[in-house]
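Take a look at the structure set out below.
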Amino acid sequence: MASAGRKMRTSSWRIMIEIDLTPVPAPRQNRSDRWRKRPIVLRYRAYSDSLRQACLKKDFVLGEKIYMEFYFPMPKSWSKKKRLEMIGTPHRQRPDTDNVVKGIQDSLLPEDCRVWHIEAKKFWSDKGCIILKNIPELNNNLPF
């Protein structure tokens with residue numbers, strides 16, 4: 001019964017959201033992180049809280065089929081020429097795409113095992129940004 005109520009509400013949920021946050025990868029945590037204050041874990045927890053707040057404010061719920069774009073800010077040490085060349089190009093450095101995706105899933109989903117399709121891309125940009133989209137289900141019975 002609960003899932004039927006949830007399906008009825010999905011029509012009012014947003015399909016896409018753009019969040020002005022620099023993406024943060026999910027850190028590898030251990031038991032002592034519950035009481036130890038490692039900077040990377042504190043930064044990730046603050047990021048998760050901000051991400052949840054932004055989605056709540058815009059009435060966005062992550063679905064089972066997701067498209068994600070991550071925009072990472074370019075280092076300030078880069079020249080203007082290099083910045084102009086690199087804007088919008090693929091981000092091929094750390095953090096890894098799977099770690100950034102894991103950070104989104106852990107922050108926004110109680111059970112990330114329900115997600116069965118993920119598309120994710122990373123790009124260079126002037127400022128950090130995250131774009132999340134729920135991919136609509138096609139109700140065609142194709143064999144592939």
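Ordering of the structure tokens sets the chain letters (A, B, ...), residue numbers begin anew at 1 in every chain, and ligands are numbered from 1 in the order given.
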List every residue of chain A that DSSP, applied to the backbone of this structure, assigns to strand (DSSP E), and report them as JSON, numbers by chain.
-> {"A": [16, 17, 18, 19, 65, 66, 67, 68, 69, 70, 71, 72, 73, 117, 118, 119, 120, 121, 122, 123, 124, 125, 129, 130, 131, 132, 133, 134]}
Might you pull out every residue within 12 Å of segment 92-105 of chain A, with only C-alpha atoms counted and same-chain residues fewer than 6 positions away left off, and present them as a ChimeraX atom specification?
-> /A:19,21-28,41,43-52,55,61-72,74,86,111-124,130-132
So how many Å separate atom CA of Asp106 of chain A and atom CA of Asp59 of chain A, to one decimal?
->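 That distance, rounded to one decimal, is 18.0 Å.
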Tell me, which residues of segment 34-103 of chain A carry DSSP helix (DSSP H, G or I), written as a PyMOL selection string?
-> chain A and resi 34+39-57+80-86+97-103
One decimal, Å: what's the distance from atom CA of Pro75 of chain A over to atom CA of Lys127 of chain A, could you say?
->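 For atom CA of Pro75 of chain A relative to atom CA of Lys127 of chain A, the distance reads 10.1 Å.
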Enter the distance from atom CA of Arg14 of chain A to atom CA of Leu109 of chain A, in Å, rounded to one decimal.
->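 Computing it gives 15.7 Å between the two atoms.
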